[in-house]
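Printed here is coords.cif (mmCIF, C-alpha atoms):
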data_my_file
loop_
_atom_site.group_PDB
_atom_site.id
_atom_site.type_symbol
_atom_site.label_atom_id
_atom_site.label_comp_id
_atom_site.auth_asym_id
_atom_site.auth_seq_id
_atom_site.Cartn_x
_atom_site.Cartn_y
_atom_site.Cartn_z
ATOM 1 C CA MET A 33 0.000 0.000 0.000
ATOM 2 C CA LYS A 34 2.882 2.338 0.709
ATOM 3 C CA TRP A 35 4.064 1.981 -2.924
ATOM 4 C CA ILE A 36 0.634 2.965 -4.252
ATOM 5 C CA GLY A 37 0.801 6.186 -2.242
ATOM 6 C CA ILE A 38 4.304 6.928 -3.524
ATOM 7 C CA ILE A 39 3.305 6.243 -7.133
ATOM 8 C CA ALA A 40 0.158 8.383 -6.765
ATOM 9 C CA ALA A 41 2.253 11.209 -5.282
ATOM 10 C CA LEU A 42 4.772 10.950 -8.159
ATOM 11 C CA ILE A 43 1.993 11.041 -10.767
ATOM 12 C CA ALA A 44 0.351 14.010 -9.040
ATOM 13 C CA GLY A 45 3.740 15.752 -8.884
ATOM 14 C CA LEU A 46 4.289 15.182 -12.607
ATOM 15 C CA VAL A 47 0.836 16.564 -13.427
ATOM 16 C CA VAL A 48 1.433 19.643 -11.270
ATOM 17 C CA ALA A 49 4.884 20.142 -12.842
ATOM 18 C CA ALA A 50 3.433 19.838 -16.361
ATOM 19 C CA ILE A 51 0.664 22.346 -15.623
ATOM 20 C CA ALA A 52 3.138 24.742 -13.985
ATOM 21 C CA GLY A 53 5.447 24.412 -16.997
ATOM 22 C CA LEU A 54 2.620 25.203 -19.416
ATOM 23 C CA TRP A 55 1.500 28.104 -17.251
ATOM 24 C CA ILE A 56 5.020 29.553 -17.179
ATOM 25 C CA ALA A 57 5.457 29.041 -20.938
ATOM 26 C CA GLY A 58 2.099 30.746 -21.480
ATOM 27 C CA LEU A 59 3.321 33.850 -19.671
ATOM 28 C CA SER A 60 5.543 34.614 -22.630
ATOM 29 C CA SER A 61 4.270 36.908 -25.325
ATOM 30 C CA ASN A 62 1.459 35.637 -27.542
ATOM 31 C CA ASP A 63 3.012 37.298 -30.559
ATOM 32 C CA TYR A 64 2.878 35.629 -33.937
ATOM 33 C CA GLU A 65 4.801 36.712 -36.996
ATOM 34 C CA SER A 66 5.244 35.434 -40.523
ATOM 35 C CA SER A 67 6.774 37.082 -43.562
ATOM 36 C CA ILE A 68 7.476 36.321 -47.182
ATOM 37 C CA ASP A 69 8.923 37.994 -50.279
ATOM 38 C CA ILE A 70 6.528 38.165 -53.214
ATOM 39 C CA SER A 71 7.739 38.924 -56.738
ATOM 40 C CA ARG A 72 4.958 41.423 -57.374
ATOM 41 C CA PRO A 73 4.590 45.115 -56.518
ATOM 42 C CA ALA A 74 2.632 46.045 -53.413
ATOM 43 C CA ALA A 75 -0.295 47.322 -55.506
ATOM 44 C CA GLU A 76 -0.778 43.753 -56.795
ATOM 45 C CA VAL A 77 -0.355 42.152 -53.361
ATOM 46 C CA TRP A 78 -2.690 44.590 -51.555
ATOM 47 C CA PRO A 79 -5.951 43.124 -52.980
ATOM 48 C CA TRP A 80 -4.957 39.692 -51.669
ATOM 49 C CA ILE A 81 -5.092 40.962 -48.082
ATOM 50 C CA THR A 82 -8.110 43.249 -48.479
ATOM 51 C CA GLU A 83 -10.584 41.570 -50.869
ATOM 52 C CA PRO A 84 -12.746 38.782 -49.421
ATOM 53 C CA ALA A 85 -12.795 36.669 -52.602
ATOM 54 C CA LYS A 86 -8.994 36.669 -52.694
ATOM 55 C CA GLN A 87 -8.634 36.110 -48.931
ATOM 56 C CA LYS A 88 -10.687 32.916 -49.199
ATOM 57 C CA GLN A 89 -8.201 31.580 -51.746
ATOM 58 C CA TRP A 90 -5.130 31.758 -49.527
ATOM 59 C CA VAL A 91 -6.272 31.661 -45.895
ATOM 60 C CA SER A 92 -6.693 28.011 -44.952
ATOM 61 C CA LEU A 93 -9.930 27.041 -43.186
ATOM 62 C CA LEU A 94 -11.581 30.307 -44.328
ATOM 63 C CA THR A 95 -14.931 29.464 -45.922
ATOM 64 C CA ASP A 96 -16.653 32.843 -46.040
ATOM 65 C CA VAL A 97 -16.112 36.545 -45.399
ATOM 66 C CA ARG A 98 -19.176 38.645 -44.539
ATOM 67 C CA THR A 99 -18.485 42.328 -45.024
ATOM 68 C CA LEU A 100 -20.414 44.538 -42.611
ATOM 69 C CA THR A 101 -19.420 47.835 -44.216
ATOM 70 C CA PRO A 102 -19.380 48.862 -47.890
ATOM 71 C CA GLU A 103 -15.596 49.025 -48.212
ATOM 72 C CA THR A 104 -13.124 46.490 -46.869
ATOM 73 C CA ALA A 105 -9.960 48.549 -46.408
ATOM 74 C CA ARG A 106 -10.949 51.843 -44.814
ATOM 75 C CA MET A 107 -10.713 53.010 -41.212
ATOM 76 C CA GLY A 108 -13.601 51.445 -39.322
ATOM 77 C CA SER A 109 -14.390 48.847 -42.006
ATOM 78 C CA ARG A 110 -15.705 45.657 -40.477
ATOM 79 C CA ALA A 111 -16.031 42.053 -41.595
ATOM 80 C CA VAL A 112 -16.622 38.601 -40.149
ATOM 81 C CA TRP A 113 -14.370 35.750 -41.211
ATOM 82 C CA ILE A 114 -16.002 32.335 -40.998
ATOM 83 C CA MET A 115 -13.695 29.384 -40.592
ATOM 84 C CA ILE A 116 -14.409 25.689 -40.247
ATOM 85 C CA ASP A 117 -11.742 23.858 -38.245
ATOM 86 C CA PRO A 118 -11.647 20.139 -39.053
ATOM 87 C CA GLY A 119 -9.191 19.617 -36.186
ATOM 88 C CA MET A 120 -11.932 20.703 -33.777
ATOM 89 C CA ASN A 121 -14.774 18.501 -35.114
ATOM 90 C CA ASN A 122 -15.579 20.982 -37.900
ATOM 91 C CA GLN A 123 -16.248 23.714 -35.374
ATOM 92 C CA ARG A 124 -17.465 26.953 -36.937
ATOM 93 C CA ILE A 125 -15.361 29.893 -35.818
ATOM 94 C CA GLU A 126 -16.442 33.475 -36.459
ATOM 95 C CA ILE A 127 -13.745 36.131 -36.269
ATOM 96 C CA ASP A 128 -14.847 39.773 -36.151
ATOM 97 C CA SER A 129 -12.387 42.232 -37.651
ATOM 98 C CA GLU A 130 -12.226 46.003 -37.747
ATOM 99 C CA VAL A 131 -9.717 48.115 -39.645
ATOM 100 C CA THR A 132 -7.923 50.340 -37.135
ATOM 101 C CA GLY A 133 -5.311 51.746 -39.489
ATOM 102 C CA VAL A 134 -4.708 51.754 -43.204
ATOM 103 C CA VAL A 135 -2.143 53.112 -45.629
ATOM 104 C CA PRO A 136 -3.085 51.633 -49.028
ATOM 105 C CA ASN A 137 -0.440 49.336 -50.485
ATOM 106 C CA GLU A 138 1.697 49.760 -47.335
ATOM 107 C CA ARG A 139 -0.051 48.804 -44.103
ATOM 108 C CA LEU A 140 -3.297 47.325 -42.807
ATOM 109 C CA ASP A 141 -4.015 47.194 -39.056
ATOM 110 C CA LEU A 142 -6.882 45.056 -37.764
ATOM 111 C CA ARG A 143 -8.485 44.500 -34.383
ATOM 112 C CA ILE A 144 -9.829 40.945 -34.305
ATOM 113 C CA ARG A 145 -11.974 38.953 -31.921
ATOM 114 C CA SER A 146 -13.615 35.579 -31.778
ATOM 115 C CA ARG A 147 -16.116 35.778 -28.935
ATOM 116 C CA GLY A 148 -15.202 33.496 -26.067
ATOM 117 C CA MET A 149 -11.971 32.399 -27.754
ATOM 118 C CA PHE A 150 -9.467 35.196 -28.375
ATOM 119 C CA SER A 151 -8.935 38.837 -29.227
ATOM 120 C CA GLY A 152 -5.986 40.736 -30.565
ATOM 121 C CA HIS A 153 -4.442 42.952 -33.157
ATOM 122 C CA THR A 154 -2.741 42.043 -36.403
ATOM 123 C CA THR A 155 -0.825 44.130 -38.920
ATOM 124 C CA TYR A 156 0.066 43.459 -42.531
ATOM 125 C CA THR A 157 3.054 45.529 -43.636
ATOM 126 C CA LEU A 158 4.083 45.672 -47.297
ATOM 127 C CA THR A 159 7.621 46.887 -48.005
ATOM 128 C CA PRO A 160 8.959 47.410 -51.552
ATOM 129 C CA LEU A 161 11.939 45.273 -52.547
ATOM 130 C CA PRO A 162 14.576 46.109 -55.144
ATOM 131 C CA GLY A 163 13.417 44.797 -58.488
ATOM 132 C CA GLY A 164 9.727 45.499 -57.924
ATOM 133 C CA GLY A 165 8.815 42.809 -55.403
ATOM 134 C CA THR A 166 7.194 43.171 -51.999
ATOM 135 C CA HIS A 167 8.151 41.947 -48.542
ATOM 136 C CA LEU A 168 4.929 41.085 -46.695
ATOM 137 C CA LEU A 169 4.982 40.863 -42.908
ATOM 138 C CA ASN A 170 1.993 39.630 -40.911
ATOM 139 C CA ALA A 171 2.491 40.307 -37.197
ATOM 140 C CA GLY A 172 -0.083 39.940 -34.464
ATOM 141 C CA THR A 173 -0.571 39.796 -30.731
ATOM 142 C CA TYR A 174 -3.404 37.747 -29.289
ATOM 143 C CA HIS A 175 -5.016 37.169 -25.902
ATOM 144 C CA TYR A 176 -6.908 33.952 -25.236
ATOM 145 C CA ASP A 177 -10.122 34.407 -23.273
ATOM 146 C CA GLN A 178 -10.452 31.002 -21.617
ATOM 147 C CA TRP A 179 -8.005 29.873 -18.934
ATOM 148 C CA PHE A 180 -7.612 26.479 -20.603
ATOM 149 C CA SER A 181 -6.785 28.081 -23.968
ATOM 150 C CA ARG A 182 -4.157 30.239 -22.262
ATOM 151 C CA LEU A 183 -2.770 27.137 -20.575
ATOM 152 C CA VAL A 184 -2.412 25.076 -23.784
ATOM 153 C CA GLU A 185 -1.341 28.002 -26.008
ATOM 154 C CA PRO A 186 2.346 26.971 -25.847
ATOM 155 C CA LEU A 187 1.337 23.561 -27.233
ATOM 156 C CA VAL A 188 -0.667 24.955 -30.166
ATOM 157 C CA ARG A 189 1.731 27.829 -30.943
ATOM 158 C CA PRO A 190 3.895 25.746 -33.336
ATOM 159 C CA GLU A 191 0.804 24.627 -35.278
ATOM 160 C CA VAL A 192 -0.473 28.205 -35.531
ATOM 161 C CA ARG A 193 2.916 29.323 -36.857
ATOM 162 C CA ARG A 194 2.938 26.474 -39.419
ATOM 163 C CA LYS A 195 -0.538 27.514 -40.581
ATOM 164 C CA MET A 196 0.554 31.148 -40.918
ATOM 165 C CA GLU A 197 3.620 30.182 -42.937
ATOM 166 C CA ALA A 198 1.625 27.840 -45.196
ATOM 167 C CA ASP A 199 -0.991 30.556 -45.763
ATOM 168 C CA MET A 200 1.694 33.109 -46.628
ATOM 169 C CA LEU A 201 3.285 30.682 -49.081
ATOM 170 C CA ARG A 202 -0.113 30.078 -50.727
ATOM 171 C CA LEU A 203 -0.583 33.860 -50.955
ATOM 172 C CA LYS A 204 2.830 34.223 -52.608
ATOM 173 C CA LEU A 205 2.084 31.512 -55.174
ATOM 174 C CA LEU A 206 -1.328 32.951 -56.025
ATOM 175 C CA ALA A 207 -0.156 36.563 -56.229
ATOM 176 C CA GLU A 208 2.820 35.670 -58.388
ATOM 177 C CA ALA A 209 0.626 33.573 -60.698
ATOM 178 C CA GLY A 210 -1.854 36.426 -61.016
ATOM 179 C CA GLY A 211 -4.543 34.472 -59.169
ATOM 180 C CA ARG A 212 -4.533 31.467 -61.497
#
Any chance you could put this one into structure tokens?
Amino acid sequence: MKWIGIIAALIAGLVVAAIAGLWIAGLSSNDYESSIDISRPAAEVWPWITEPAKQKQWVSLLTDVRTLTPETARMGSRAVWIMIDPGMNNQRIEIDSEVTGVVPNERLDLRIRSRGMFSGHTTYTLTPLPGGGTHLLNAGTYHYDQWFSRLVEPLVRPEVRRKMEADMLRLKLLAEAGGR
């Protein structure tokens, strides 16, 4: 019986250590960043980050974009991105976005929120490259609403980064092919 108590205490200690480790790792910044060079001028890349029909082509899991204002890339413009996540039993995720800053062909700032899940801010920055290309940077900071989401964020962070990089690569390929 003494061994059962020792084993139970060891298991409990491991669980507590794992949770503490995740909690400590989750205290780090929830910043995400991905960038790519696209062999097209910024004026040709800009529609890919501002037009719903083009966004649906390169953002994985994105099934629909409902615009709530007449224009998509003006201060105060709002839209709802609808995503279906097969990794979460095809859960429907709605992400509200509002343009908080815009310099056409240079910068797009968005405040985003998925009720009950997360909120944050993301920025797309387009920088001209020698030879007519564009460096596109997508940088965001997010806060997870639920304690459990905050706890497991360090575990899902690598997958989120992989998704961002894959999406940016798809954007590059589409923009460089002229959308074909």
Let me know the residues the PyMOL selection byres ((chain A and resi 79-94) around 8) catches in the file above, as a PDB file with C-alpha atoms, in the coordinates of the input.
ATOM      1  CA  ALA A  75      -0.295  47.322 -55.506  1.00  0.00           C
ATOM      2  CA  GLU A  76      -0.778  43.753 -56.795  1.00  0.00           C
ATOM      3  CA  VAL A  77      -0.355  42.152 -53.361  1.00  0.00           C
ATOM      4  CA  TRP A  78      -2.690  44.590 -51.555  1.00  0.00           C
ATOM      5  CA  THR A  95     -14.931  29.464 -45.922  1.00  0.00           C
ATOM      6  CA  ASP A  96     -16.653  32.843 -46.040  1.00  0.00           C
ATOM      7  CA  VAL A  97     -16.112  36.545 -45.399  1.00  0.00           C
ATOM      8  CA  THR A 104     -13.124  46.490 -46.869  1.00  0.00           C
ATOM      9  CA  ALA A 105      -9.960  48.549 -46.408  1.00  0.00           C
ATOM     10  CA  TRP A 113     -14.370  35.750 -41.211  1.00  0.00           C
ATOM     11  CA  ILE A 114     -16.002  32.335 -40.998  1.00  0.00           C
ATOM     12  CA  MET A 115     -13.695  29.384 -40.592  1.00  0.00           C
ATOM     13  CA  ILE A 116     -14.409  25.689 -40.247  1.00  0.00           C
ATOM     14  CA  ASP A 117     -11.742  23.858 -38.245  1.00  0.00           C
ATOM     15  CA  TYR A 156       0.066  43.459 -42.531  1.00  0.00           C
ATOM     16  CA  LYS A 195      -0.538  27.514 -40.581  1.00  0.00           C
ATOM     17  CA  ASP A 199      -0.991  30.556 -45.763  1.00  0.00           C
ATOM     18  CA  MET A 200       1.694  33.109 -46.628  1.00  0.00           C
ATOM     19  CA  ARG A 202      -0.113  30.078 -50.727  1.00  0.00           C
ATOM     20  CA  LEU A 203      -0.583  33.860 -50.955  1.00  0.00           C
ATOM     21  CA  LEU A 206      -1.328  32.951 -56.025  1.00  0.00           C
ATOM     22  CA  ALA A 207      -0.156  36.563 -56.229  1.00  0.00           C
TER      23      ALA A 207
END
Practice prompt. Run the PyMOL selection byres ((chain A and resi 143-154) around 8) mentally over the shown coordinates, then write out the matched residues as JSON, numbers by chain, using the chain letters and numbers from the document.
Written response: {"A": [125, 126, 127, 128, 129, 130, 131, 132, 141, 142, 155, 156, 170, 171, 172, 173, 174, 175, 176, 177, 178, 181]}
Discussion item. Measuring between all atoms listed in the file, which one of A:Leu168, A:Met107, A:Leu158, A:Ala74 shows the shortest distance to Gly133 (chain A)?
Written reply: A:Met107
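Counting from CA of Asp69 (chain A), the distance to CA of Glu197 (chain A) is 12.0 Å.
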Discussion item. Please compute the CA of Ser67 (chain A)-CA of Met196 (chain A) distance, one decimal, in Å.
Written reply: 9.0 Å
Practice prompt. Would you translate the PyMOL selection byres ((chain A and resi 166) around 9) into the concrete set of residues it matches in this file, as a count of residues only?
Written response: 17
Could the centre and edge lengths of an axis-aligned box, enclosing all atoms of region 187-196 of chain A in the file with 6 Å extra on each side, be given in Å to one decimal as lines of an AutoDock Vina configuration file?
center_x = 1.6
center_y = 27.4
center_z = -34.1
size_x = 16.6
size_y = 19.6
size_z = 25.7
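From CA of Ala198 (chain A) back to CA of Pro136 (chain A), the distance works out to 24.6 Å.
If all atoms listed in the file are the atoms counted, then among A:Thr157, A:Tyr64, A:Ala209, A:Val134 the closest residue to Pro190 (chain A) is A:Tyr64.
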Can you rebuild region 124-139 of chain A with N, CA, C and O atoms and give it as a PDB file, keeping the file's coordinate frame?
ATOM      1  N   ARG A 124     -17.339  25.683 -36.219  1.00  0.00           N
ATOM      2  CA  ARG A 124     -17.465  26.953 -36.937  1.00  0.00           C
ATOM      3  C   ARG A 124     -16.910  28.051 -36.030  1.00  0.00           C
ATOM      4  O   ARG A 124     -17.311  28.169 -34.868  1.00  0.00           O
ATOM      5  N   ILE A 125     -15.991  28.819 -36.576  1.00  0.00           N
ATOM      6  CA  ILE A 125     -15.361  29.893 -35.818  1.00  0.00           C
ATOM      7  C   ILE A 125     -15.633  31.199 -36.560  1.00  0.00           C
ATOM      8  O   ILE A 125     -15.352  31.308 -37.752  1.00  0.00           O
ATOM      9  N   GLU A 126     -16.208  32.158 -35.874  1.00  0.00           N
ATOM     10  CA  GLU A 126     -16.442  33.475 -36.459  1.00  0.00           C
ATOM     11  C   GLU A 126     -15.457  34.459 -35.842  1.00  0.00           C
ATOM     12  O   GLU A 126     -15.346  34.557 -34.625  1.00  0.00           O
ATOM     13  N   ILE A 127     -14.743  35.166 -36.715  1.00  0.00           N
ATOM     14  CA  ILE A 127     -13.745  36.131 -36.269  1.00  0.00           C
ATOM     15  C   ILE A 127     -14.158  37.515 -36.765  1.00  0.00           C
ATOM     16  O   ILE A 127     -14.208  37.761 -37.973  1.00  0.00           O
ATOM     17  N   ASP A 128     -14.489  38.392 -35.821  1.00  0.00           N
ATOM     18  CA  ASP A 128     -14.847  39.773 -36.151  1.00  0.00           C
ATOM     19  C   ASP A 128     -13.573  40.567 -36.365  1.00  0.00           C
ATOM     20  O   ASP A 128     -12.626  40.445 -35.587  1.00  0.00           O
ATOM     21  N   SER A 129     -13.558  41.380 -37.418  1.00  0.00           N
ATOM     22  CA  SER A 129     -12.387  42.232 -37.651  1.00  0.00           C
ATOM     23  C   SER A 129     -12.834  43.660 -37.916  1.00  0.00           C
ATOM     24  O   SER A 129     -13.901  43.898 -38.470  1.00  0.00           O
ATOM     25  N   GLU A 130     -11.988  44.585 -37.490  1.00  0.00           N
ATOM     26  CA  GLU A 130     -12.226  46.003 -37.747  1.00  0.00           C
ATOM     27  C   GLU A 130     -10.900  46.649 -38.123  1.00  0.00           C
ATOM     28  O   GLU A 130      -9.889  46.450 -37.440  1.00  0.00           O
ATOM     29  N   VAL A 131     -10.925  47.411 -39.202  1.00  0.00           N
ATOM     30  CA  VAL A 131      -9.717  48.115 -39.645  1.00  0.00           C
ATOM     31  C   VAL A 131      -9.468  49.272 -38.680  1.00  0.00           C
ATOM     32  O   VAL A 131     -10.322  50.130 -38.491  1.00  0.00           O
ATOM     33  N   THR A 132      -8.279  49.275 -38.078  1.00  0.00           N
ATOM     34  CA  THR A 132      -7.923  50.340 -37.135  1.00  0.00           C
ATOM     35  C   THR A 132      -6.855  51.266 -37.700  1.00  0.00           C
ATOM     36  O   THR A 132      -6.553  52.292 -37.102  1.00  0.00           O
ATOM     37  N   GLY A 133      -6.301  50.908 -38.830  1.00  0.00           N
ATOM     38  CA  GLY A 133      -5.311  51.746 -39.489  1.00  0.00           C
ATOM     39  C   GLY A 133      -5.091  51.239 -40.900  1.00  0.00           C
ATOM     40  O   GLY A 133      -5.099  50.041 -41.142  1.00  0.00           O
ATOM     41  N   VAL A 134      -4.925  52.172 -41.823  1.00  0.00           N
ATOM     42  CA  VAL A 134      -4.708  51.754 -43.204  1.00  0.00           C
ATOM     43  C   VAL A 134      -3.894  52.798 -43.957  1.00  0.00           C
ATOM     44  O   VAL A 134      -4.153  53.993 -43.854  1.00  0.00           O
ATOM     45  N   VAL A 135      -2.889  52.331 -44.651  1.00  0.00           N
ATOM     46  CA  VAL A 135      -2.143  53.112 -45.629  1.00  0.00           C
ATOM     47  C   VAL A 135      -2.123  52.219 -46.872  1.00  0.00           C
ATOM     48  O   VAL A 135      -1.419  51.209 -46.886  1.00  0.00           O
ATOM     49  N   PRO A 136      -2.964  52.532 -47.877  1.00  0.00           N
ATOM     50  CA  PRO A 136      -3.085  51.633 -49.028  1.00  0.00           C
ATOM     51  C   PRO A 136      -1.735  51.232 -49.610  1.00  0.00           C
ATOM     52  O   PRO A 136      -0.825  52.049 -49.752  1.00  0.00           O
ATOM     53  N   ASN A 137      -1.635  49.944 -49.901  1.00  0.00           N
ATOM     54  CA  ASN A 137      -0.440  49.336 -50.485  1.00  0.00           C
ATOM     55  C   ASN A 137       0.773  49.326 -49.555  1.00  0.00           C
ATOM     56  O   ASN A 137       1.862  48.964 -49.978  1.00  0.00           O
ATOM     57  N   GLU A 138       0.580  49.733 -48.283  1.00  0.00           N
ATOM     58  CA  GLU A 138       1.697  49.760 -47.335  1.00  0.00           C
ATOM     59  C   GLU A 138       1.401  49.055 -46.013  1.00  0.00           C
ATOM     60  O   GLU A 138       2.245  48.323 -45.513  1.00  0.00           O
ATOM     61  N   ARG A 139       0.203  49.304 -45.457  1.00  0.00           N
ATOM     62  CA  ARG A 139      -0.051  48.804 -44.103  1.00  0.00           C
ATOM     63  C   ARG A 139      -1.553  48.667 -43.861  1.00  0.00           C
ATOM     64  O   ARG A 139      -2.322  49.546 -44.219  1.00  0.00           O
TER      65      ARG A 139
END
